[in-house]
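Q: This is the structure, below, for whatever I ask next.
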Amino acid sequence: MATAKYDPHLGAGPSEDSEILLDDSDSGSVLSDDSVLPDYEEDEEDEEDTEPAKTLYEACAKNDPTSMRRILERGVTKEEAMELDINGRNGLMLAVAKGFIDIVTMLHMCPYIDINHQDNDGNTALMIAAQAGFVNILNYIINFYSDVDTEVRDPRGFTALIKAGLQGREECVSALIMHGADMNAMDLVQGRSLKDWVLRTGGFETLQRIRRLQAHPVAEQFCESYVPEWPELQQLVAKATAAKTAGQKLRQRLKDSLSFSFPQDPQDNGVMDHMVRMTTGIHSPLIATGCRPLCPSSPPEIGKRRFAVPELLAKHSSKELEESTVSHNKGSVTSASPTALSAASVSLTSCCQDAAEHRESLVQGGMRSFIPRSMAHRNSIFPSGCIPKIEVTKSGEPTPKKEKKKKRQRGYLEPPVWKYKEAREDRKKEKKKQEREKEKEKEKKNARVSNSRQAKDEA
């Protein structure tokens with residue numbers, strides 16, 4: 001009887017304690033949908049309740065950005081900001097659980113919000129976003145909330161990264177890994193790491209994403225030293241243009257004629273990978289006109305913790321961040337010469353006279369100037385602030401007339417004419433004919449009346 005060989009990448013299969021694991025009520029909730037976003041709220045909500053929210057928690061529950069802005073402007077206390085429900089969740093955690101991204105983007109301005117607060121189940125806002133798959137909210141939390149701890153554990157020892165892997169959230173796993181989350185962290189119950197839990201839950205796509213990240217641990221396209229050139233291009237061109245012998249040509253023809261082409265996955269470091277890196281690089285026109293990186297000399301890397309925007313602004317001024325480069329390893333500032341990115345941004349804003357004033361207002365705006373335009377509700381059509389003047393003039397040339405359709409020749413096939421369409425056209429023609437006859441009768445009648453009046457006047 002043939003036996004399968006042991007594959008270290010696929011794991012050893014279900015262990016002896018798998019039945020115990022599945023029967024345990026505590027661990028059973030780990031793999032269930034109820035552990036992602038438990039519905040603590042009442043099923044029946046009062047739809048007629050249209051009154052504005054009065055507290056911060058109520059604004060979060062109702063997804064009311066207008067009331068939230070008014071509450072933050074008048075000021076809140078620490079008790080109001082950290083108001084908890086019966087499950088120990090504050091307003092931020094409730095907004096994250098329901099996917100209210102507008103509320104999440106506004107609460108980062110409140111200094112009393114504890115981003116690492118845990119509810120009764122040990123979940124933080126980052127854990128809720130990770131296991132729910134809200135990658136936009138997760139990226140906003142790790143980039144715009146200060147002192148976010150990715151290694152906070154729940155009572156079972158699960159981190160946000162492990163919970164994202166359990167639910168198969170590939171994008172959230174990638175974001176947490178590139179933010180510096182520990183991939184080797186193990187839970188306290190089973191002693192399993194991220195890869196072990198991903199294999200046990202069948203998340204092979206997530207495992208493939210992790211392997212690709214480990215093969216390329218540094219996002220080199222986000223560094224200033226990145227050169228948008230494909231290293232293997234010269235070798236491939238030289239190989240294709242090299243002189244071939246008669247035997248090599250015959251072998252190549254036989255190979256091309258007898259081989260079958262099947263769809264395959266893109267090769268590692270191939271053309272597709274190069275196109276992705278080149279179009280998403282820091283010097284790409286698509287990126288240079290859409291954002292302004294704070295740390296171009298310190299690209300994202302596996303195992304390197306990245307500072308959030310408020311942390312960078314607390315250590316360094318906005319002017320230093322614009323004119324210098326910051327390293328995420330030590331938080332140090334080094335002077336740098338103007339890059340092509342800064343020159344492009346100046347050329348884009350020099351088309352208006354008040355562009356310099358607008359740029360100064362962005363620098364003085366603090367962290368708001370670094371918030372993405374899609375979340376900050378800015379003018380994404382004219383980000384530099386200068387709106388071009390458009391003058392509309394009438395063309396001197398006459399409007400071209402439509403060309404008449406040429407009659408088809410008899411030798412070609414014509415589309416069939418359906419009976420109901422033909423009857424409809426006949427009715428339209430008859431109606432037009434009747435209208436024309438009525439108009440002619442009216443004209444004749446008017447002419448008779450006018451002639452009779454003239455005859456009376458002459459008499």
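Residue numbering restarts at 1 for every chain of the structure tokens, chains are lettered A, B, ... in their displayed order, and ligands are numbered from 1 as they appear.
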Apply DSSP to the backbone of this structure and, from segment 77-145 of chain A, keep only the residues in helix (DSSP H, G or I); write these as an mmCIF file with N, CA and C atoms, in the first residue's frame.
A:
data_model
loop_
_atom_site.group_PDB
_atom_site.id
_atom_site.type_symbol
_atom_site.label_atom_id
_atom_site.label_comp_id
_atom_site.auth_asym_id
_atom_site.auth_seq_id
_atom_site.Cartn_x
_atom_site.Cartn_y
_atom_site.Cartn_z
ATOM 1 N N LYS A 78 -12.354 62.925 29.238
ATOM 2 C CA LYS A 78 -11.837 61.568 29.105
ATOM 3 C C LYS A 78 -12.921 60.543 29.381
ATOM 4 N N GLU A 79 -13.811 60.839 30.338
ATOM 5 C CA GLU A 79 -14.896 59.916 30.634
ATOM 6 C C GLU A 79 -15.851 59.785 29.453
ATOM 7 N N GLU A 80 -16.139 60.913 28.782
ATOM 8 C CA GLU A 80 -17.040 60.864 27.636
ATOM 9 C C GLU A 80 -16.390 60.164 26.451
ATOM 10 N N ALA A 81 -15.091 60.381 26.232
ATOM 11 C CA ALA A 81 -14.400 59.751 25.110
ATOM 12 C C ALA A 81 -14.278 58.246 25.292
ATOM 13 N N GLY A 91 -16.556 53.964 21.804
ATOM 14 C CA GLY A 91 -17.155 54.393 20.542
ATOM 15 C C GLY A 91 -16.310 54.056 19.337
ATOM 16 N N LEU A 92 -14.987 54.158 19.460
ATOM 17 C CA LEU A 92 -14.109 53.823 18.336
ATOM 18 C C LEU A 92 -14.236 52.355 17.955
ATOM 19 N N MET A 93 -14.254 51.483 18.928
ATOM 20 C CA MET A 93 -14.363 50.053 18.643
ATOM 21 C C MET A 93 -15.700 49.723 17.993
ATOM 22 N N LEU A 94 -16.756 50.400 18.410
ATOM 23 C CA LEU A 94 -18.064 50.182 17.791
ATOM 24 C C LEU A 94 -18.063 50.651 16.345
ATOM 25 N N ALA A 95 -17.437 51.811 16.063
ATOM 26 C CA ALA A 95 -17.362 52.312 14.686
ATOM 27 C C ALA A 95 -16.529 51.390 13.808
ATOM 28 N N VAL A 96 -15.437 50.857 14.355
ATOM 29 C CA VAL A 96 -14.601 49.935 13.587
ATOM 30 C C VAL A 96 -15.353 48.647 13.300
ATOM 31 N N ALA A 97 -16.095 48.140 14.284
ATOM 32 C CA ALA A 97 -16.830 46.890 14.090
ATOM 33 C C ALA A 97 -17.893 47.010 13.015
ATOM 34 N N LYS A 98 -18.500 48.188 12.884
ATOM 35 C CA LYS A 98 -19.550 48.384 11.889
ATOM 36 C C LYS A 98 -19.031 48.973 10.585
ATOM 37 N N ILE A 101 -16.054 54.273 8.484
ATOM 38 C CA ILE A 101 -14.722 54.828 8.271
ATOM 39 C C ILE A 101 -14.704 56.332 8.495
ATOM 40 N N ASP A 102 -15.807 57.031 8.249
ATOM 41 C CA ASP A 102 -15.842 58.476 8.492
ATOM 42 C C ASP A 102 -15.667 58.788 9.974
ATOM 43 N N ILE A 103 -16.260 57.978 10.824
ATOM 44 C CA ILE A 103 -16.108 58.185 12.268
ATOM 45 C C ILE A 103 -14.686 57.867 12.706
ATOM 46 N N VAL A 104 -14.099 56.812 12.144
ATOM 47 C CA VAL A 104 -12.738 56.419 12.518
ATOM 48 C C VAL A 104 -11.738 57.498 12.131
ATOM 49 N N THR A 105 -11.930 58.125 10.981
ATOM 50 C CA THR A 105 -11.001 59.161 10.544
ATOM 51 C C THR A 105 -11.129 60.445 11.349
ATOM 52 N N MET A 106 -12.241 60.639 12.015
ATOM 53 C CA MET A 106 -12.421 61.851 12.817
ATOM 54 C C MET A 106 -11.955 61.667 14.259
ATOM 55 N N LEU A 107 -12.011 60.442 14.766
ATOM 56 C CA LEU A 107 -11.673 60.211 16.169
ATOM 57 C C LEU A 107 -10.180 60.261 16.442
ATOM 58 N N ALA A 125 -9.404 47.620 18.901
ATOM 59 C CA ALA A 125 -9.930 48.129 17.632
ATOM 60 C C ALA A 125 -9.149 47.561 16.455
ATOM 61 N N LEU A 126 -7.829 47.394 16.622
ATOM 62 C CA LEU A 126 -7.011 46.821 15.551
ATOM 63 C C LEU A 126 -7.384 45.371 15.299
ATOM 64 N N MET A 127 -7.646 44.609 16.340
ATOM 65 C CA MET A 127 -8.053 43.214 16.169
ATOM 66 C C MET A 127 -9.389 43.108 15.441
ATOM 67 N N ILE A 128 -10.327 43.964 15.806
ATOM 68 C CA ILE A 128 -11.646 43.928 15.170
ATOM 69 C C ILE A 128 -11.534 44.233 13.686
ATOM 70 N N ALA A 129 -10.751 45.251 13.330
ATOM 71 C CA ALA A 129 -10.587 45.594 11.917
ATOM 72 C C ALA A 129 -9.853 44.494 11.163
ATOM 73 N N ALA A 130 -8.873 43.842 11.817
ATOM 74 C CA ALA A 130 -8.072 42.820 11.146
ATOM 75 C C ALA A 130 -8.907 41.584 10.839
ATOM 76 N N GLN A 131 -9.654 41.081 11.816
ATOM 77 C CA GLN A 131 -10.407 39.857 11.575
ATOM 78 C C GLN A 131 -11.693 40.107 10.807
ATOM 79 N N ALA A 132 -12.148 41.351 10.728
ATOM 80 C CA ALA A 132 -13.310 41.669 9.890
ATOM 81 C C ALA A 132 -12.927 41.935 8.450
ATOM 82 N N VAL A 135 -9.600 46.575 5.561
ATOM 83 C CA VAL A 135 -8.190 46.929 5.363
ATOM 84 C C VAL A 135 -7.999 48.440 5.338
ATOM 85 N N ASN A 136 -8.970 49.194 4.847
ATOM 86 C CA ASN A 136 -8.838 50.648 4.839
ATOM 87 C C ASN A 136 -8.815 51.216 6.261
ATOM 88 N N ILE A 137 -9.704 50.702 7.089
ATOM 89 C CA ILE A 137 -9.727 51.146 8.482
ATOM 90 C C ILE A 137 -8.448 50.717 9.193
ATOM 91 N N LEU A 138 -7.990 49.505 8.929
ATOM 92 C CA LEU A 138 -6.772 49.014 9.567
ATOM 93 C C LEU A 138 -5.565 49.870 9.176
ATOM 94 N N ASN A 139 -5.435 50.192 7.898
ATOM 95 C CA ASN A 139 -4.324 51.040 7.452
ATOM 96 C C ASN A 139 -4.404 52.430 8.066
ATOM 97 N N TYR A 140 -5.620 52.950 8.210
ATOM 98 C CA TYR A 140 -5.750 54.275 8.811
ATOM 99 C C TYR A 140 -5.361 54.239 10.284
ATOM 100 N N ILE A 141 -5.711 53.177 10.979
ATOM 101 C CA ILE A 141 -5.374 53.083 12.403
ATOM 102 C C ILE A 141 -3.869 53.019 12.596
ATOM 103 N N ILE A 142 -3.179 52.186 11.833
ATOM 104 C CA ILE A 142 -1.737 52.026 12.039
ATOM 105 C C ILE A 142 -0.948 53.212 11.506
ATOM 106 N N ASN A 143 -1.555 54.036 10.667
ATOM 107 C CA ASN A 143 -0.829 55.175 10.102
ATOM 108 C C ASN A 143 -1.146 56.501 10.776
ATOM 109 N N PHE A 144 -2.310 56.621 11.415
ATOM 110 C CA PHE A 144 -2.725 57.921 11.941
ATOM 111 C C PHE A 144 -3.084 57.896 13.422
#
Q: Write out as an mmCIF file with N, CA and C atoms, in the first residue's frame the residues lying within 6 Å of segment 201-209 of chain A, counting only C-alpha atoms and excluding same-chain residues fewer than 2 positions away.
A:
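Done, and the output landed in out28.cif:
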data_model
loop_
_atom_site.group_PDB
_atom_site.id
_atom_site.type_symbol
_atom_site.label_atom_id
_atom_site.label_comp_id
_atom_site.auth_asym_id
_atom_site.auth_seq_id
_atom_site.Cartn_x
_atom_site.Cartn_y
_atom_site.Cartn_z
ATOM 1 N N GLY A 168 -8.519 34.418 7.189
ATOM 2 C CA GLY A 168 -8.120 34.467 5.784
ATOM 3 C C GLY A 168 -8.136 35.858 5.186
ATOM 4 N N GLU A 170 -6.187 38.312 3.647
ATOM 5 C CA GLU A 170 -4.849 38.432 3.066
ATOM 6 C C GLU A 170 -4.328 39.864 3.135
ATOM 7 N N VAL A 198 -2.800 29.341 9.950
ATOM 8 C CA VAL A 198 -3.249 29.497 8.559
ATOM 9 C C VAL A 198 -3.375 28.138 7.885
ATOM 10 N N LEU A 199 -2.426 27.235 8.139
ATOM 11 C CA LEU A 199 -2.502 25.889 7.559
ATOM 12 C C LEU A 199 -3.671 25.095 8.129
ATOM 13 N N ARG A 211 4.535 33.906 1.960
ATOM 14 C CA ARG A 211 5.786 33.459 1.345
ATOM 15 C C ARG A 211 6.325 34.473 0.356
ATOM 16 N N ARG A 212 5.446 35.103 -0.392
ATOM 17 C CA ARG A 212 5.899 36.123 -1.347
ATOM 18 C C ARG A 212 6.481 37.330 -0.613
#
Q: Take atom CA of Val276 of chain A and atom CA of Gly180 of chain A and report the distance between them in Å, one decimal.
A: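 Taking atom CA of Val276 of chain A as the start and atom CA of Gly180 of chain A as the end point, the length is 22.5 Å.
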Q: Taking only C-alpha atoms into account, which of A:Gln190, A:Asp196, A:Gln267, A:Leu294 comes nearest Phe222 of chain A?
A: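 Nearest candidate to Phe222 of chain A out of A:Gln190, A:Asp196, A:Gln267, A:Leu294: A:Leu294.
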Q: If we count only C-alpha atoms, what is near segment 153-155 of chain A at a cut-off of 8 Å, once residues fewer than 6 positions away on the same chain are taken out, given as a PyMOL selection string?
A: chain A and resi 121-123
Q: Mind dumping the selected residues with N, CA and C atoms as a tab-separated table (two decimals), in the first residue's frame?
A:
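Printed below is out.tsv as written:
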chain	number	residue	atom	x	y	z
A	121	ASP	N	-13.85	40.68	25.83
A	121	ASP	CA	-13.29	39.50	25.17
A	121	ASP	C	-11.81	39.66	24.86
A	122	GLY	N	-11.22	40.81	25.21
A	122	GLY	CA	-9.81	41.03	24.94
A	122	GLY	C	-9.50	41.57	23.57
A	123	ASN	N	-10.49	42.00	22.81
A	123	ASN	CA	-10.28	42.52	21.46
A	123	ASN	C	-10.00	44.01	21.51
Q: Please provide as a list in words all residues within 9 Å of Ile71 of chain A, with the sequence filter that same-chain residues fewer than 2 positions apart are discarded (counting only C-alpha atoms).
A: Ala53, Lys54, Thr55, Leu56, Ala59, Thr66, Ser67, Met68, Arg69, Glu73, Arg74, Gly75 and Val76 of chain A
Q: Rounded to one decimal place, report the atom CA of Asp273 of chain A-atom CA of Gly303 of chain A distance in Å.
A: 22.4 Å
Q: When you look at Gln214 of chain A with a cut-off of 10 Å (counting only C-alpha atoms), what residues show up, excluding the ones that are within fewer than 4 positions of it in the same chain? I need them as number ranges by chain.
A: A: 177, 208-210, 218, 301-302
Q: Got time to write the residues from that selection, N, CA, C and O atoms, as a PDB file, in the first residue's frame?
A:
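File selection-v6.pdb, as written:
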ATOM      1  N   ILE A 177       2.031  42.772   8.582  1.00  0.00           N
ATOM      2  CA  ILE A 177       3.412  42.295   8.466  1.00  0.00           C
ATOM      3  C   ILE A 177       4.339  43.416   8.033  1.00  0.00           C
ATOM      4  O   ILE A 177       5.437  43.598   8.585  1.00  0.00           O
ATOM      5  N   GLN A 208       0.454  31.673   0.743  1.00  0.00           N
ATOM      6  CA  GLN A 208       1.212  32.056  -0.447  1.00  0.00           C
ATOM      7  C   GLN A 208       1.579  33.529  -0.400  1.00  0.00           C
ATOM      8  O   GLN A 208       2.696  33.910  -0.792  1.00  0.00           O
ATOM      9  N   ARG A 209       0.684  34.372   0.087  1.00  0.00           N
ATOM     10  CA  ARG A 209       1.005  35.798   0.218  1.00  0.00           C
ATOM     11  C   ARG A 209       2.144  36.012   1.223  1.00  0.00           C
ATOM     12  O   ARG A 209       3.032  36.838   0.994  1.00  0.00           O
ATOM     13  N   ILE A 210       2.128  35.288   2.322  1.00  0.00           N
ATOM     14  CA  ILE A 210       3.197  35.420   3.321  1.00  0.00           C
ATOM     15  C   ILE A 210       4.534  34.999   2.731  1.00  0.00           C
ATOM     16  O   ILE A 210       5.569  35.640   2.960  1.00  0.00           O
ATOM     17  N   VAL A 218      11.517  43.763   1.517  1.00  0.00           N
ATOM     18  CA  VAL A 218      11.622  45.222   1.469  1.00  0.00           C
ATOM     19  C   VAL A 218      10.863  45.721   0.248  1.00  0.00           C
ATOM     20  O   VAL A 218      11.048  45.212  -0.859  1.00  0.00           O
ATOM     21  N   GLU A 301       9.360  47.448   5.545  1.00  0.00           N
ATOM     22  CA  GLU A 301      10.158  46.227   5.595  1.00  0.00           C
ATOM     23  C   GLU A 301       9.579  45.309   6.671  1.00  0.00           C
ATOM     24  O   GLU A 301       9.063  45.771   7.690  1.00  0.00           O
ATOM     25  N   ILE A 302       9.678  44.002   6.414  1.00  0.00           N
ATOM     26  CA  ILE A 302       9.182  43.023   7.376  1.00  0.00           C
ATOM     27  C   ILE A 302      10.017  43.099   8.655  1.00  0.00           C
ATOM     28  O   ILE A 302      11.247  43.089   8.616  1.00  0.00           O
TER      29      ILE A 302
END
Q: Determine the nearest neighbour of Met183 of chain A from the options A:Lys304, A:His216, A:Arg156, A:Lys255, counting only C-alpha atoms.
A: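 Using only C-alpha atoms, the shortest distance to Met183 of chain A belongs to A:Lys304.
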Q: Counting only C-alpha atoms, figure out which residue out of A:Val392, A:Leu213, A:Val227, A:Ala308 gets nearest to Met278 of chain A.
A: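 Among A:Val392, A:Leu213, A:Val227, A:Ala308, it is A:Val227 that comes nearest to Met278 of chain A.
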Q: What is the distance, in Å and to one decimal place, between atom CA of Ile282 of chain A and atom CA of Ala160 of chain A?
A: 28.9 Å
